[in-house]
Structure formats: C-alpha cells, structure tokens
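Working notes for the structure below.
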Amino acid sequence: MSQAALTFRLATPEDAPLLQPLVQSAYRGETSRKGWTTEADLLVGTRINVAGIVEKINTPHSAVIMAFSPTLGNALVGCCEVLLKPSRKIGYFGMFAVDPTLQAGGIGRQVLANAEQYAKSHGAEKMEMTVIWTRKELIDWYVRRGYAVTEERREFPHEELAKMDGENRALVEDLWFKVLVKDL
C-alpha cells in the first residue's frame, strides 16, 4: 500500500513529548516488532528521552523534521533529524522513525526524500548516516535509495545507554556503525 503525500514541519521543543514515543516504538520494545526496523534483538531500554530530543531540536544547524499523514487525520507518522555540517557541506541523517504499524507503505521514502531536500537546500552536497552493521536489510534499503556503504566504521556509543532513563543495555556484543553516504 502506497502512502499519500505527507506534510512536513520542523519540530519545536514543545513537540518532543509527541516525538519520543514514536521514536521509541520504531526501535525498541515489543511494539517495534510490528515493523521491520526494530532493534529489539540488539538493545533494550530507552532509544532517546524527551530531553535528548529537545537537545537535538535546539542544537545549532540541526532540524528535527516531523511527518504527518493527511489521510490519517494528520497523525504524526514519522520523523528524522538532519544535522548540518556546513564546513564539510554534509548533512547527517539520524533519529529516523516511522510508526511501526505503517512501515513498508512509502512513509520512510518520503521522510528520507524530504530530509535530503532540506539538507540540500541548506548547502549540503552529501548526506551521511550511520547504521548498526548487523542491520543488513536496513542497509540494503538505503543502498536502493542511492546510498553507498563506505569503509568507515564508527563506534557504538555504549556510554550513551547509561545516560538514558531505566534499564538500558546491549543484548549483543560487537555493536558498531557502518557509515553510508549519498551525493545530493
């Protein structure tokens, strides 16, 4: 099923309490298993808390983009962060979430395309992202959208898990990120 055109807007700090459950549901816990982007077999706990989202919204050169579905009563269905690195003319794509009950319907493609357009309109010539190396299906999805897997490896921020509320831990060892890049 293909999703009708979404509407987008930049998040404000007041939106953080609405965004946090969406991001959490897309990655962690049993709800995340309804979609195909779950990290529930890799990590447990909080993906990001409200304060962390507010920090992303307030960071200079950062935008959290919210996606709404007019066909679903303008419900929030997706989001992402674009962190611009003007000196390198790169946008970093992160905190990508789509409601797990609506995944595989075209929402993610629209959110990604909007993020790329946003980055390009703010001077970025490339978009980069990091993906946990074991997430082959997700990496393949990005490759189909024009991203190239680089040789660069970035460490997983285990120390960030300890900063989150509640019990947070990795369920597997050897977590690290592959870096993907696309020319805009």
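Each chain in the structure tokens gets a letter, A, B and so on, in the order shown; residues start at 1 in every chain, and ligands are counted from 1 in the order they appear.
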
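By only C-alpha atoms, and with residues fewer than 6 positions from Val111 in chain A along its chain excluded, the set lying at most 7 Å from it is Ala67, Gly78 and Cys79 of chain A.
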
Could you save those same residues with all heavy atoms as a PDB file, in the first residue's frame?
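Generated file (selection_28.pdb):
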```
ATOM      1  N   ALA A  67       6.715  14.292  10.175  1.00  0.00           N
ATOM      2  CA  ALA A  67       5.891  13.929   9.017  1.00  0.00           C
ATOM      3  C   ALA A  67       4.484  13.564   9.496  1.00  0.00           C
ATOM      4  O   ALA A  67       4.324  12.777  10.439  1.00  0.00           O
ATOM      5  CB  ALA A  67       6.514  12.746   8.292  1.00  0.00           C
ATOM      6  N   GLY A  78       5.958   9.883  11.174  1.00  0.00           N
ATOM      7  CA  GLY A  78       7.396   9.706  11.005  1.00  0.00           C
ATOM      8  C   GLY A  78       8.153  10.944  11.413  1.00  0.00           C
ATOM      9  O   GLY A  78       7.571  12.020  11.609  1.00  0.00           O
ATOM     10  N   CYS A  79       9.467  10.761  11.554  1.00  0.00           N
ATOM     11  CA  CYS A  79      10.334  11.894  11.883  1.00  0.00           C
ATOM     12  C   CYS A  79      11.778  11.532  11.559  1.00  0.00           C
ATOM     13  O   CYS A  79      12.101  10.367  11.296  1.00  0.00           O
ATOM     14  CB  CYS A  79      10.215  12.277  13.354  1.00  0.00           C
ATOM     15  SG  CYS A  79      10.898  11.061  14.506  1.00  0.00           S
TER      16      CYS A  79
END
```

I'd like a table as a Markdown table: residues in range 99-153 of chain A with an atom no more than 12 Å from range 164-183 of chain A, each row giving the shortest atom pair and its distance in Å to one decimal, only C-alpha atoms counted, sorted by chain and rising residue number.
```
| residue | atom | partner | partner_atom | distance |
| --- | --- | --- | --- | --- |
| A:Leu112 | CA | A:Lys182 | CA | 11.7 |
| A:Ala113 | CA | A:Lys182 | CA | 11.8 |
| A:Glu116 | CA | A:Lys182 | CA | 9.3 |
| A:Gln117 | CA | A:Asp183 | CA | 11.6 |
| A:Ala119 | CA | A:Asp183 | CA | 11.1 |
| A:Lys120 | CA | A:Asp183 | CA | 9.7 |
| A:Ala124 | CA | A:Asp183 | CA | 9.1 |
| A:Glu125 | CA | A:Asp183 | CA | 6.0 |
| A:Lys126 | CA | A:Asp183 | CA | 4.4 |
| A:Met127 | CA | A:Lys182 | CA | 5.3 |
| A:Glu128 | CA | A:Val181 | CA | 4.3 |
| A:Met129 | CA | A:Leu180 | CA | 5.3 |
| A:Thr130 | CA | A:Val179 | CA | 4.6 |
| A:Val131 | CA | A:Phe177 | CA | 5.1 |
| A:Ile132 | CA | A:Phe177 | CA | 4.4 |
| A:Trp133 | CA | A:Phe177 | CA | 5.3 |
| A:Thr134 | CA | A:Leu175 | CA | 8.0 |
| A:Arg135 | CA | A:Lys178 | CA | 9.6 |
| A:Lys136 | CA | A:Lys178 | CA | 10.4 |
| A:Leu138 | CA | A:Leu180 | CA | 11.2 |
| A:Ile139 | CA | A:Leu180 | CA | 8.2 |
| A:Asp140 | CA | A:Leu180 | CA | 10.7 |
| A:Trp141 | CA | A:Leu180 | CA | 11.4 |
| A:Tyr142 | CA | A:Leu180 | CA | 8.1 |
| A:Val143 | CA | A:Leu180 | CA | 8.4 |
| A:Arg144 | CA | A:Lys182 | CA | 11.2 |
| A:Arg145 | CA | A:Lys182 | CA | 8.8 |
| A:Gly146 | CA | A:Lys182 | CA | 6.2 |
| A:Tyr147 | CA | A:Lys182 | CA | 4.6 |
| A:Ala148 | CA | A:Leu180 | CA | 5.3 |
| A:Val149 | CA | A:Leu180 | CA | 4.5 |
| A:Thr150 | CA | A:Val179 | CA | 5.7 |
| A:Glu151 | CA | A:Val179 | CA | 7.4 |
| A:Glu152 | CA | A:Val179 | CA | 5.8 |
| A:Arg153 | CA | A:Lys178 | CA | 5.2 |
```

**Q.** Residues of range 8-183 of chain A in strand (DSSP E), written as JSON, numbers by chain
**A.** {"A": [8, 9, 10, 43, 44, 62, 63, 64, 65, 66, 67, 68, 69, 75, 76, 77, 78, 79, 80, 81, 82, 83, 84, 85, 90, 91, 92, 93, 94, 95, 96, 97, 98, 126, 127, 128, 129, 130, 131, 132, 148, 149, 150, 151, 152, 153, 154, 155, 169, 170, 176, 177, 178, 179, 180, 181, 182, 183]}

Q) Given the choices A:Ser69, A:Asp99, A:Ser87, A:Leu6, which gets closest to Arg33 in chain A if the distance is worked out from only C-alpha atoms? A) A:Asp99
